[in-house]
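What follows is the content of query.cif, which has mmCIF, C-alpha atoms and all ligand atoms; chains and numbers go by the auth columns:
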data_final
loop_
_atom_site.group_PDB
_atom_site.id
_atom_site.type_symbol
_atom_site.label_atom_id
_atom_site.label_comp_id
_atom_site.label_asym_id
_atom_site.label_seq_id
_atom_site.Cartn_x
_atom_site.Cartn_y
_atom_site.Cartn_z
_atom_site.B_iso_or_equiv
_atom_site.auth_seq_id
_atom_site.auth_asym_id
ATOM 1 C CA MET A 1 -9.456 21.534 13.080 0.00 1 Y
ATOM 2 C CA ALA A 2 -11.788 19.522 10.904 0.00 2 Y
ATOM 3 C CA SER A 3 -15.320 20.900 10.629 0.00 3 Y
ATOM 4 C CA THR A 4 -18.236 18.849 11.872 0.00 4 Y
ATOM 5 C CA THR A 5 -19.435 18.116 8.349 0.00 5 Y
ATOM 6 C CA THR A 6 -15.974 16.944 7.309 0.00 6 Y
ATOM 7 C CA GLU A 7 -15.780 14.733 10.372 0.00 7 Y
ATOM 8 C CA SER A 8 -19.190 13.211 9.907 0.00 8 Y
ATOM 9 C CA LYS A 9 -18.695 12.588 6.188 0.00 9 Y
ATOM 10 C CA ILE A 10 -15.394 10.875 6.811 0.00 10 Y
ATOM 11 C CA ALA A 11 -16.845 8.849 9.678 0.00 11 Y
ATOM 12 C CA ASP A 12 -19.692 7.743 7.377 0.00 12 Y
ATOM 13 C CA ASN A 13 -17.360 6.862 4.502 0.00 13 Y
ATOM 14 C CA LEU A 14 -14.985 4.968 6.760 0.00 14 Y
ATOM 15 C CA GLY A 15 -17.813 3.115 8.488 0.00 15 Y
ATOM 16 C CA ARG A 16 -19.292 2.060 5.162 0.00 16 Y
ATOM 17 C CA ILE A 17 -15.944 0.846 3.817 0.00 17 Y
ATOM 18 C CA GLU A 18 -15.183 -1.067 7.011 0.00 18 Y
ATOM 19 C CA ARG A 19 -18.588 -2.761 6.839 0.00 19 Y
ATOM 20 C CA ARG A 20 -17.983 -3.756 3.234 0.00 20 Y
ATOM 21 C CA MET A 21 -14.545 -5.103 4.187 0.00 21 Y
ATOM 22 C CA ALA A 22 -16.091 -7.107 7.025 0.00 22 Y
ATOM 23 C CA ASP A 23 -18.757 -8.493 4.681 0.00 23 Y
ATOM 24 C CA ALA A 24 -16.088 -9.501 2.158 0.00 24 Y
ATOM 25 C CA CYS A 25 -14.225 -11.248 4.988 0.00 25 Y
ATOM 26 C CA ASP A 26 -17.428 -13.043 5.952 0.00 26 Y
ATOM 27 C CA ARG A 27 -18.031 -14.222 2.405 0.00 27 Y
ATOM 28 C CA SER A 28 -14.531 -15.677 2.202 0.00 28 Y
ATOM 29 C CA GLY A 29 -14.393 -17.225 5.670 0.00 29 Y
ATOM 30 C CA ARG A 30 -11.882 -14.742 7.061 0.00 30 Y
ATOM 31 C CA THR A 31 -11.975 -12.749 10.261 0.00 31 Y
ATOM 32 C CA PRO A 32 -12.330 -8.961 9.907 0.00 32 Y
ATOM 33 C CA ASP A 33 -9.073 -8.373 11.780 0.00 33 Y
ATOM 34 C CA SER A 34 -7.145 -10.259 9.096 0.00 34 Y
ATOM 35 C CA VAL A 35 -7.291 -7.215 6.788 0.00 35 Y
ATOM 36 C CA LYS A 36 -5.818 -3.826 7.531 0.00 36 Y
ATOM 37 C CA LEU A 37 -6.930 -0.562 5.960 0.00 37 Y
ATOM 38 C CA VAL A 38 -4.231 1.901 4.930 0.00 38 Y
ATOM 39 C CA ALA A 39 -5.737 5.319 4.264 0.00 39 Y
ATOM 40 C CA VAL A 40 -4.006 6.768 1.206 0.00 40 Y
ATOM 41 C CA VAL A 41 -4.063 10.503 1.797 0.00 41 Y
ATOM 42 C CA LYS A 42 -2.283 11.809 -1.316 0.00 42 Y
ATOM 43 C CA TYR A 43 -5.305 13.909 -2.345 0.00 43 Y
ATOM 44 C CA ALA A 44 -6.527 14.714 1.153 0.00 44 Y
ATOM 45 C CA GLU A 45 -6.493 18.082 2.866 0.00 45 Y
ATOM 46 C CA LEU A 46 -4.857 18.152 6.283 0.00 46 Y
ATOM 47 C CA PRO A 47 -8.170 18.485 8.202 0.00 47 Y
ATOM 48 C CA TRP A 48 -9.444 15.370 6.428 0.00 48 Y
ATOM 49 C CA VAL A 49 -6.404 13.466 7.618 0.00 49 Y
ATOM 50 C CA GLU A 50 -7.020 14.732 11.134 0.00 50 Y
ATOM 51 C CA ALA A 51 -10.624 13.558 10.897 0.00 51 Y
ATOM 52 C CA LEU A 52 -9.404 10.086 9.926 0.00 52 Y
ATOM 53 C CA LEU A 53 -7.050 9.956 12.875 0.00 53 Y
ATOM 54 C CA ALA A 54 -9.916 11.031 15.148 0.00 54 Y
ATOM 55 C CA GLN A 55 -11.782 7.954 13.864 0.00 55 Y
ATOM 56 C CA GLY A 56 -8.936 5.727 15.002 0.00 56 Y
ATOM 57 C CA VAL A 57 -7.188 5.202 11.660 0.00 57 Y
ATOM 58 C CA ALA A 58 -3.506 4.712 12.445 0.00 58 Y
ATOM 59 C CA ASP A 59 -2.055 3.717 9.069 0.00 59 Y
ATOM 60 C CA LEU A 60 -1.582 6.463 6.493 0.00 60 Y
ATOM 61 C CA GLY A 61 -0.158 6.095 3.003 0.00 61 Y
ATOM 62 C CA GLU A 62 1.346 8.526 0.523 0.00 62 Y
ATOM 63 C CA SER A 63 2.344 7.707 -3.018 0.00 63 Y
ATOM 64 C CA ARG A 64 5.128 10.256 -3.428 0.00 64 Y
ATOM 65 C CA PRO A 65 8.215 10.233 -1.205 0.00 65 Y
ATOM 66 C CA GLN A 66 8.458 14.026 -1.257 0.00 66 Y
ATOM 67 C CA GLN A 67 4.870 14.538 -0.067 0.00 67 Y
ATOM 68 C CA LEU A 68 5.315 11.818 2.505 0.00 68 Y
ATOM 69 C CA LEU A 69 8.338 13.550 4.007 0.00 69 Y
ATOM 70 C CA GLU A 70 6.586 16.938 3.983 0.00 70 Y
ATOM 71 C CA ARG A 71 3.488 15.557 5.671 0.00 71 Y
ATOM 72 C CA ILE A 72 5.060 13.617 8.487 0.00 72 Y
ATOM 73 C CA PRO A 73 5.975 16.643 10.619 0.00 73 Y
ATOM 74 C CA LEU A 74 2.469 18.097 10.142 0.00 74 Y
ATOM 75 C CA ILE A 75 0.736 15.117 11.697 0.00 75 Y
ATOM 76 C CA ASP A 76 0.890 14.235 15.350 0.00 76 Y
ATOM 77 C CA GLY A 77 2.729 11.049 16.255 0.00 77 Y
ATOM 78 C CA GLY A 78 1.271 7.611 16.639 0.00 78 Y
ATOM 79 C CA VAL A 79 0.846 7.182 12.885 0.00 79 Y
ATOM 80 C CA ARG A 80 2.339 4.343 10.890 0.00 80 Y
ATOM 81 C CA TRP A 81 3.346 5.716 7.506 0.00 81 Y
ATOM 82 C CA HIS A 82 3.249 3.670 4.319 0.00 82 Y
ATOM 83 C CA LEU A 83 4.884 4.529 1.027 0.00 83 Y
ATOM 84 C CA VAL A 84 2.671 3.058 -1.685 0.00 84 Y
ATOM 85 C CA GLY A 85 4.202 4.675 -4.793 0.00 85 Y
ATOM 86 C CA HIS A 86 7.492 4.517 -6.650 0.00 86 Y
ATOM 87 C CA LEU A 87 10.607 5.166 -4.577 0.00 87 Y
ATOM 88 C CA GLN A 88 13.503 6.804 -6.412 0.00 88 Y
ATOM 89 C CA ARG A 89 16.779 5.458 -5.113 0.00 89 Y
ATOM 90 C CA ASN A 90 18.028 8.950 -4.247 0.00 90 Y
ATOM 91 C CA LYS A 91 15.065 9.432 -1.881 0.00 91 Y
ATOM 92 C CA ALA A 92 15.515 6.129 -0.103 0.00 92 Y
ATOM 93 C CA ARG A 93 17.889 7.304 2.603 0.00 93 Y
ATOM 94 C CA LYS A 94 15.354 9.796 3.922 0.00 94 Y
ATOM 95 C CA VAL A 95 12.300 7.616 3.442 0.00 95 Y
ATOM 96 C CA LEU A 96 13.547 4.434 5.090 0.00 96 Y
ATOM 97 C CA PRO A 97 13.700 5.707 8.670 0.00 97 Y
ATOM 98 C CA ALA A 98 10.334 7.461 8.303 0.00 98 Y
ATOM 99 C CA VAL A 99 8.030 4.644 7.225 0.00 99 Y
ATOM 100 C CA SER A 100 6.735 1.436 8.709 0.00 100 Y
ATOM 101 C CA LEU A 101 6.214 -0.271 5.335 0.00 101 Y
ATOM 102 C CA VAL A 102 7.350 0.394 1.762 0.00 102 Y
ATOM 103 C CA HIS A 103 4.740 -1.284 -0.486 0.00 103 Y
ATOM 104 C CA SER A 104 6.452 -0.478 -3.719 0.00 104 Y
ATOM 105 C CA VAL A 105 9.885 -2.061 -4.089 0.00 105 Y
ATOM 106 C CA ASP A 106 9.774 -2.549 -7.835 0.00 106 Y
ATOM 107 C CA SER A 107 13.273 -3.599 -8.929 0.00 107 Y
ATOM 108 C CA PHE A 108 16.222 -5.658 -7.730 0.00 108 Y
ATOM 109 C CA ARG A 109 18.327 -2.515 -8.031 0.00 109 Y
ATOM 110 C CA LEU A 110 16.120 -0.693 -5.531 0.00 110 Y
ATOM 111 C CA LEU A 111 16.036 -3.727 -3.225 0.00 111 Y
ATOM 112 C CA THR A 112 19.831 -3.916 -3.262 0.00 112 Y
ATOM 113 C CA THR A 113 20.082 -0.191 -2.536 0.00 113 Y
ATOM 114 C CA LEU A 114 17.690 -0.542 0.402 0.00 114 Y
ATOM 115 C CA GLU A 115 19.689 -3.464 1.776 0.00 115 Y
ATOM 116 C CA ARG A 116 22.878 -1.387 1.664 0.00 116 Y
ATOM 117 C CA LEU A 117 21.230 1.690 3.208 0.00 117 Y
ATOM 118 C CA ALA A 118 19.604 -0.411 5.910 0.00 118 Y
ATOM 119 C CA GLY A 119 23.069 -1.574 6.892 0.00 119 Y
ATOM 120 C CA GLU A 120 24.413 1.975 6.991 0.00 120 Y
ATOM 121 C CA LEU A 121 21.428 3.253 8.966 0.00 121 Y
ATOM 122 C CA GLU A 122 21.210 0.153 11.143 0.00 122 Y
ATOM 123 C CA LEU A 123 17.573 -0.435 10.240 0.00 123 Y
ATOM 124 C CA THR A 124 15.587 -3.530 9.382 0.00 124 Y
ATOM 125 C CA PRO A 125 12.946 -1.988 7.101 0.00 125 Y
ATOM 126 C CA ASN A 126 9.741 -3.797 6.186 0.00 126 Y
ATOM 127 C CA VAL A 127 8.963 -3.905 2.487 0.00 127 Y
ATOM 128 C CA LEU A 128 6.673 -5.476 -0.072 0.00 128 Y
ATOM 129 C CA LEU A 129 7.634 -6.288 -3.628 0.00 129 Y
ATOM 130 C CA GLN A 130 5.379 -4.664 -6.207 0.00 130 Y
ATOM 131 C CA VAL A 131 4.454 -6.985 -9.047 0.00 131 Y
ATOM 132 C CA ASN A 132 3.171 -5.782 -12.395 0.00 132 Y
ATOM 133 C CA VAL A 133 0.838 -8.743 -12.722 0.00 133 Y
ATOM 134 C CA ALA A 134 -1.037 -7.476 -15.750 0.00 134 Y
ATOM 135 C CA GLY A 135 2.147 -6.464 -17.604 0.00 135 Y
ATOM 136 C CA GLU A 136 1.057 -2.848 -18.063 0.00 136 Y
ATOM 137 C CA THR A 137 3.858 -0.908 -19.698 0.00 137 Y
ATOM 138 C CA ALA A 138 3.086 2.325 -17.825 0.00 138 Y
ATOM 139 C CA LYS A 139 3.199 0.699 -14.383 0.00 139 Y
ATOM 140 C CA HIS A 140 6.076 -0.001 -12.074 0.00 140 Y
ATOM 141 C CA GLY A 141 6.716 -3.434 -10.681 0.00 141 Y
ATOM 142 C CA PHE A 142 8.447 -6.737 -11.232 0.00 142 Y
ATOM 143 C CA ASP A 143 7.466 -8.960 -14.060 0.00 143 Y
ATOM 144 C CA PRO A 144 6.368 -12.193 -12.285 0.00 144 Y
ATOM 145 C CA GLU A 145 8.859 -14.280 -14.259 0.00 145 Y
ATOM 146 C CA GLU A 146 11.697 -11.826 -13.540 0.00 146 Y
ATOM 147 C CA LEU A 147 10.869 -12.014 -9.844 0.00 147 Y
ATOM 148 C CA ARG A 148 10.962 -15.815 -9.792 0.00 148 Y
ATOM 149 C CA ASN A 149 14.210 -15.913 -11.736 0.00 149 Y
ATOM 150 C CA GLY A 150 15.918 -13.400 -9.456 0.00 150 Y
ATOM 151 C CA TRP A 151 14.519 -14.705 -6.183 0.00 151 Y
ATOM 152 C CA ASP A 152 18.042 -15.336 -4.834 0.00 152 Y
ATOM 153 C CA THR A 153 18.469 -11.566 -4.561 0.00 153 Y
ATOM 154 C CA VAL A 154 15.427 -11.486 -2.271 0.00 154 Y
ATOM 155 C CA THR A 155 16.483 -14.372 -0.056 0.00 155 Y
ATOM 156 C CA ALA A 156 19.976 -12.872 0.228 0.00 156 Y
ATOM 157 C CA CYS A 157 18.634 -9.794 2.057 0.00 157 Y
ATOM 158 C CA GLU A 158 19.682 -9.788 5.685 0.00 158 Y
ATOM 159 C CA ARG A 159 18.473 -6.368 6.743 0.00 159 Y
ATOM 160 C CA VAL A 160 15.462 -5.742 4.537 0.00 160 Y
ATOM 161 C CA GLN A 161 12.424 -7.707 5.687 0.00 161 Y
ATOM 162 C CA VAL A 162 10.411 -8.776 2.656 0.00 162 Y
ATOM 163 C CA GLU A 163 6.948 -9.234 4.156 0.00 163 Y
ATOM 164 C CA GLY A 164 4.994 -9.965 1.009 0.00 164 Y
ATOM 165 C CA LEU A 165 3.756 -8.737 -2.360 0.00 165 Y
ATOM 166 C CA MET A 166 1.780 -5.768 -3.654 0.00 166 Y
ATOM 167 C CA ALA A 167 -0.124 -5.214 -6.896 0.00 167 Y
ATOM 168 C CA MET A 168 -2.480 -2.789 -8.577 0.00 168 Y
ATOM 169 C CA ALA A 169 -5.089 -3.923 -11.056 0.00 169 Y
ATOM 170 C CA PRO A 170 -5.494 -2.075 -14.364 0.00 170 Y
ATOM 171 C CA TYR A 171 -8.224 0.530 -14.261 0.00 171 Y
ATOM 172 C CA ALA A 172 -11.666 -0.894 -14.977 0.00 172 Y
ATOM 173 C CA ASP A 173 -15.190 0.190 -14.072 0.00 173 Y
ATOM 174 C CA ASP A 174 -16.127 -3.312 -13.005 0.00 174 Y
ATOM 175 C CA PRO A 175 -14.352 -4.339 -9.772 0.00 175 Y
ATOM 176 C CA GLU A 176 -14.676 -7.977 -10.821 0.00 176 Y
ATOM 177 C CA ALA A 177 -12.216 -7.253 -13.637 0.00 177 Y
ATOM 178 C CA SER A 178 -9.510 -6.911 -10.952 0.00 178 Y
ATOM 179 C CA ARG A 179 -10.121 -10.328 -9.420 0.00 179 Y
ATOM 180 C CA PRO A 180 -7.842 -12.343 -11.751 0.00 180 Y
ATOM 181 C CA VAL A 181 -4.971 -9.950 -10.986 0.00 181 Y
ATOM 182 C CA PHE A 182 -5.428 -10.406 -7.248 0.00 182 Y
ATOM 183 C CA ARG A 183 -5.734 -14.164 -7.592 0.00 183 Y
ATOM 184 C CA HIS A 184 -2.583 -14.252 -9.701 0.00 184 Y
ATOM 185 C CA LEU A 185 -0.683 -12.287 -7.043 0.00 185 Y
ATOM 186 C CA ARG A 186 -1.781 -14.696 -4.313 0.00 186 Y
ATOM 187 C CA GLU A 187 -0.798 -17.718 -6.414 0.00 187 Y
ATOM 188 C CA LEU A 188 2.590 -16.171 -7.170 0.00 188 Y
ATOM 189 C CA ARG A 189 3.064 -15.573 -3.453 0.00 189 Y
ATOM 190 C CA ASP A 190 2.140 -19.192 -2.718 0.00 190 Y
ATOM 191 C CA ARG A 191 4.797 -20.397 -5.149 0.00 191 Y
ATOM 192 C CA LEU A 192 7.539 -18.094 -3.843 0.00 192 Y
ATOM 193 C CA ARG A 193 7.011 -18.441 -0.097 0.00 193 Y
ATOM 194 C CA ASP A 194 8.770 -20.897 2.166 0.00 194 Y
ATOM 195 C CA ASP A 195 9.316 -21.291 5.900 0.00 195 Y
ATOM 196 C CA ALA A 196 12.188 -18.837 5.945 0.00 196 Y
ATOM 197 C CA LEU A 197 10.246 -16.223 3.971 0.00 197 Y
ATOM 198 C CA PRO A 198 6.510 -16.734 4.518 0.00 198 Y
ATOM 199 C CA LEU A 199 5.438 -13.602 2.577 0.00 199 Y
ATOM 200 C CA SER A 200 2.449 -13.188 4.841 0.00 200 Y
ATOM 201 C CA GLN A 201 1.317 -9.795 3.509 0.00 201 Y
ATOM 202 C CA LEU A 202 -0.647 -9.177 0.317 0.00 202 Y
ATOM 203 C CA SER A 203 -1.288 -5.478 -0.349 0.00 203 Y
ATOM 204 C CA MET A 204 -4.015 -5.330 -2.971 0.00 204 Y
ATOM 205 C CA GLY A 205 -7.299 -3.528 -3.514 0.00 205 Y
ATOM 206 C CA MET A 206 -8.157 0.169 -3.716 0.00 206 Y
ATOM 207 C CA SER A 207 -11.415 2.119 -3.379 0.00 207 Y
ATOM 208 C CA ARG A 208 -13.023 0.591 -6.429 0.00 208 Y
ATOM 209 C CA ASP A 209 -11.897 -3.022 -6.070 0.00 209 Y
ATOM 210 C CA PHE A 210 -11.119 -3.798 -2.432 0.00 210 Y
ATOM 211 C CA GLU A 211 -13.938 -6.330 -2.105 0.00 211 Y
ATOM 212 C CA PRO A 212 -12.612 -8.858 -4.651 0.00 212 Y
ATOM 213 C CA ALA A 213 -9.130 -8.172 -3.209 0.00 213 Y
ATOM 214 C CA VAL A 214 -10.241 -9.150 0.288 0.00 214 Y
ATOM 215 C CA GLU A 215 -12.021 -12.217 -1.062 0.00 215 Y
ATOM 216 C CA GLU A 216 -8.787 -13.225 -2.825 0.00 216 Y
ATOM 217 C CA GLY A 217 -6.688 -12.886 0.323 0.00 217 Y
ATOM 218 C CA ALA A 218 -5.578 -9.255 0.719 0.00 218 Y
ATOM 219 C CA THR A 219 -4.120 -8.562 4.160 0.00 219 Y
ATOM 220 C CA VAL A 220 -3.767 -4.839 3.414 0.00 220 Y
ATOM 221 C CA VAL A 221 -6.090 -2.673 1.322 0.00 221 Y
ATOM 222 C CA ARG A 222 -5.000 0.807 0.215 0.00 222 Y
ATOM 223 C CA ILE A 223 -8.014 3.108 0.195 0.00 223 Y
ATOM 224 C CA GLY A 224 -7.940 6.750 -0.891 0.00 224 Y
ATOM 225 C CA SER A 225 -10.796 8.414 -2.755 0.00 225 Y
ATOM 226 C CA GLY A 226 -13.546 6.314 -1.176 0.00 226 Y
ATOM 227 C CA LEU A 227 -12.773 7.785 2.241 0.00 227 Y
ATOM 228 C CA PHE A 228 -13.194 11.313 0.981 0.00 228 Y
ATOM 229 C CA GLU A 229 -16.362 11.018 -1.063 0.00 229 Y
ATOM 230 C CA GLY A 230 -18.581 14.075 -0.801 0.00 230 Y
ATOM 231 C CA LEU A 231 -15.758 16.383 0.303 0.00 231 Y
ATOM 232 C CA GLU A 232 -14.514 19.315 -1.756 0.00 232 Y
ATOM 233 C CA ARG A 233 -10.871 20.227 -1.812 0.00 233 Y
ATOM 234 C CA ASP A 234 -10.263 23.948 -1.624 0.00 234 Y
ATOM 235 C CA ARG A 235 -6.848 23.911 -3.202 0.00 235 Y
ATOM 236 C CA ASP A 236 -4.771 21.578 -5.324 0.00 236 Y
ATOM 237 C CA ARG A 237 -1.838 19.639 -4.026 0.00 237 Y
ATOM 238 C CA ALA A 238 0.134 19.659 -7.234 0.00 238 Y
HETATM 239 C C1 LIG B . -3.710 6.463 -4.866 0.00 1 H
HETATM 240 C C2 LIG B . -3.341 5.078 -4.597 0.00 1 H
HETATM 241 C C3 LIG B . -4.219 4.226 -3.917 0.00 1 H
HETATM 242 C C4 LIG B . -5.618 4.649 -3.490 0.00 1 H
HETATM 243 O O1 LIG B . -6.433 4.730 -4.632 0.00 1 H
HETATM 244 P P1 LIG B . -7.985 5.115 -4.511 0.00 1 H
HETATM 245 O O2 LIG B . -8.540 4.703 -5.822 0.00 1 H
HETATM 246 O O3 LIG B . -8.019 6.584 -4.311 0.00 1 H
HETATM 247 O O4 LIG B . -8.552 4.355 -3.389 0.00 1 H
HETATM 248 C C5 LIG B . -3.791 2.935 -3.653 0.00 1 H
HETATM 249 N N1 LIG B . -2.576 2.493 -4.043 0.00 1 H
HETATM 250 C C6 LIG B . -1.711 3.279 -4.692 0.00 1 H
HETATM 251 C C7 LIG B . -0.394 2.732 -5.087 0.00 1 H
HETATM 252 C C8 LIG B . -2.063 4.596 -4.997 0.00 1 H
HETATM 253 O O5 LIG B . -1.193 5.373 -5.670 0.00 1 H
#

Once more with this new file: its structure as structure tokens, please.
Ligand SMILES: *Cc1c(COP(=O)(O)O)cnc(C)c1O
Amino acid sequence: MASTTTESKIADNLGRIERRMADACDRSGRTPDSVKLVAVVKYAELPWVEALLAQGVADLGESRPQQLLERIPLIDGGVRWHLVGHLQRNKARKVLPAVSLVHSVDSFRLLTTLERLAGELELTPNVLLQVNVAGETAKHGFDPEELRNGWDTVTACERVQVEGLMAMAPYADDPEASRPVFRHLRELRDRLRDDALPLSQLSMGMSRDFEPAVEEGATVVRIGSGLFEGLERDRDRA
């Protein structure tokens, strides 16, 4: 059970973030229901996750496949799970049936593996393609040019449903520094999409930069630390 202070802190944090999302929607002429919040719980204690669910959050994200698979049985049903971090191909068979969206397909090799597994498992998994917009060497993701050149591999997928694109901006104190990355992702999406593959989802924006992301067209924001401000963890999840 989550304590009252945990619950009220999380309710406050969530309420504040949702208001800021709604304001960002307002500023950019969008309706608040056009953006979904995925609560990234990789650093959260179990009672914090329960407090989020009690607030009506139904979309939870983990960045590591192993943690994701360990957590699922600990949380009551009714949750849509999102994998937001790198998926090793040898973990894909277990992860695919467990998640509603993989945000982080970062290579044609992984995409091809998922297509094959989806056939074997008779699934039609929803995925996003992660793009390394800023060209950071330490980050996963397609180079934009590589993605455009290999687009045939994407359109050839029959099982895997490519719903859109995902990106992370390089770390910066100023959220405005992320805006060009988000804009670039949207423009790339606009160039790649067509009627057969509308790429309607843009997963971009985290605790520190979700406002410019929403203004630039995010349909999904991935929020972790901001939801848990003011809470102390009592043990490390290594
Ligand atoms: C951890 C993580 C997030 C959430 O980041 P916060 O800064 O804690 O909001 C979002 N996306 C990915 C891919 C992550 O790994």

Environment of ligand LIG 1 (chain H) within 8 Å, counting all atoms listed in the file, reported as a ChimeraX atom specification:
/Y:39-42,62-63,84-85,103-104,168,205-208,221-227

As a list in words, please: the residues near Leu117 in chain Y (cut-off 8 Å, all atoms listed in the file, same-chain neighbours under 4 positions excluded).
Ala92, Arg93, Thr113 and Leu121 of chain Y

Excluding range 171-176 of chain Y and its own-chain neighbours fewer than 2 positions away, which residues fall within 8 Å of it when counting only C-alpha atoms? Please give them as an MDAnalysis selection string.
chainID Y and resid 169 178:179 208:209 211:212

Run the PyMOL selection byres (((chain Y and resi 14) around 9) and not hetatm) mentally over the shown coordinates, then write out the matched residues as a ChimeraX atom specification, using the chain letters and numbers from the document.
/Y:9-13,15-19,52,55,226-228

Take the residues that were just selected and, keeping C-alpha atoms, output them as a PDB file, in the coordinates of the input.
ATOM      1  CA  LYS Y   9     -18.695  12.588   6.188  1.00  0.00           C
ATOM      2  CA  ILE Y  10     -15.394  10.875   6.811  1.00  0.00           C
ATOM      3  CA  ALA Y  11     -16.845   8.849   9.678  1.00  0.00           C
ATOM      4  CA  ASP Y  12     -19.692   7.743   7.377  1.00  0.00           C
ATOM      5  CA  ASN Y  13     -17.360   6.862   4.502  1.00  0.00           C
ATOM      6  CA  GLY Y  15     -17.813   3.115   8.488  1.00  0.00           C
ATOM      7  CA  ARG Y  16     -19.292   2.060   5.162  1.00  0.00           C
ATOM      8  CA  ILE Y  17     -15.944   0.846   3.817  1.00  0.00           C
ATOM      9  CA  GLU Y  18     -15.183  -1.067   7.011  1.00  0.00           C
ATOM     10  CA  ARG Y  19     -18.588  -2.761   6.839  1.00  0.00           C
ATOM     11  CA  LEU Y  52      -9.404  10.086   9.926  1.00  0.00           C
ATOM     12  CA  GLN Y  55     -11.782   7.954  13.864  1.00  0.00           C
ATOM     13  CA  GLY Y 226     -13.546   6.314  -1.176  1.00  0.00           C
ATOM     14  CA  LEU Y 227     -12.773   7.785   2.241  1.00  0.00           C
ATOM     15  CA  PHE Y 228     -13.194  11.313   0.981  1.00  0.00           C
TER      16      PHE Y 228
END

Chain and number of each residue from the PyMOL selection byres (((chain Y and resi 75) around 12) and not hetatm), as JSON, numbers by chain:
{"Y": [41, 45, 46, 47, 48, 49, 50, 51, 52, 53, 54, 58, 60, 68, 69, 70, 71, 72, 73, 74, 76, 77, 78, 79, 80, 81]}

Please write the residues picked by the PyMOL selection byres (((chain Y and resi 122) around 12) and not hetatm) on this file as a count of residues only.
17

Just give me the gap between CA of Val57 in chain Y and CA of Lys139 in chain Y in Å, one decimal is fine.
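We find that CA of Val57 in chain Y and CA of Lys139 in chain Y lie 28.4 Å from each other.
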
If you count all atoms listed in the file, which residues fall within 7 Å of Ser28 in chain Y, apart from same-chain ones fewer than 3 positions away, as a JSON list (two decimals) with C-alpha atoms, in the coordinates of the input?
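Now in selection-v4.json:
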[["chain", "number", "residue", "atom", "x", "y", "z"],
["Y", 24, "ALA", "CA", -16.09, -9.50, 2.16],
["Y", 25, "CYS", "CA", -14.22, -11.25, 4.99],
["Y", 215, "GLU", "CA", -12.02, -12.22, -1.06]]

Taken to one decimal, the CA of Ala177 in chain Y-CA of Phe210 in chain Y distance is 11.8 Å

The distance between CA of Val133 in chain Y and CA of Val181 in chain Y is 6.2 Å

Counting all atoms listed in the file, which residues of range 163-194 of chain Y fall within 10 Å of range 145-152 of chain Y, and what is the closest atom pair for each with its distance in Å at one decimal, ordered by chain and rising number, as a tab-separated table?
residue	atom	partner	partner_atom	distance
Y:Leu188	CA	Y:Arg148	CA	8.8
Y:Arg191	CA	Y:Arg148	CA	9.0
Y:Leu192	CA	Y:Arg148	CA	7.2

Excluding same-chain residues fewer than 5 positions from Glu136 in chain Y, what lies within 10 Å of it counting all atoms listed in the file, as a PyMOL selection string?
chain Y and resi 141+143+169-170

Same residues, C-alpha atoms, output as a JSON list (two decimals), in the frame of the given file:
[["chain", "number", "residue", "atom", "x", "y", "z"],
["Y", 141, "GLY", "CA", 6.72, -3.43, -10.68],
["Y", 143, "ASP", "CA", 7.47, -8.96, -14.06],
["Y", 169, "ALA", "CA", -5.09, -3.92, -11.06],
["Y", 170, "PRO", "CA", -5.49, -2.08, -14.36]]

From the set Y:Gly164, Y:Gly29, Y:Gly61, Y:Gly56, which residue has the shortest atom-to-atom contact distance to Pro198 in chain Y, counting only C-alpha atoms?
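Closest to Pro198 in chain Y of all the choices is Y:Gly164.
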
Please return the centre and edge lengths, in Å to one decimal, of a box with edges along x, y and z that contains all listed atoms of range 80-89 of chain Y, widened by 4 Å on every side, as lines of an AutoDock Vina configuration file.
center_x = 9.6
center_y = 4.9
center_z = 2.1
size_x = 22.4
size_y = 11.7
size_z = 25.5
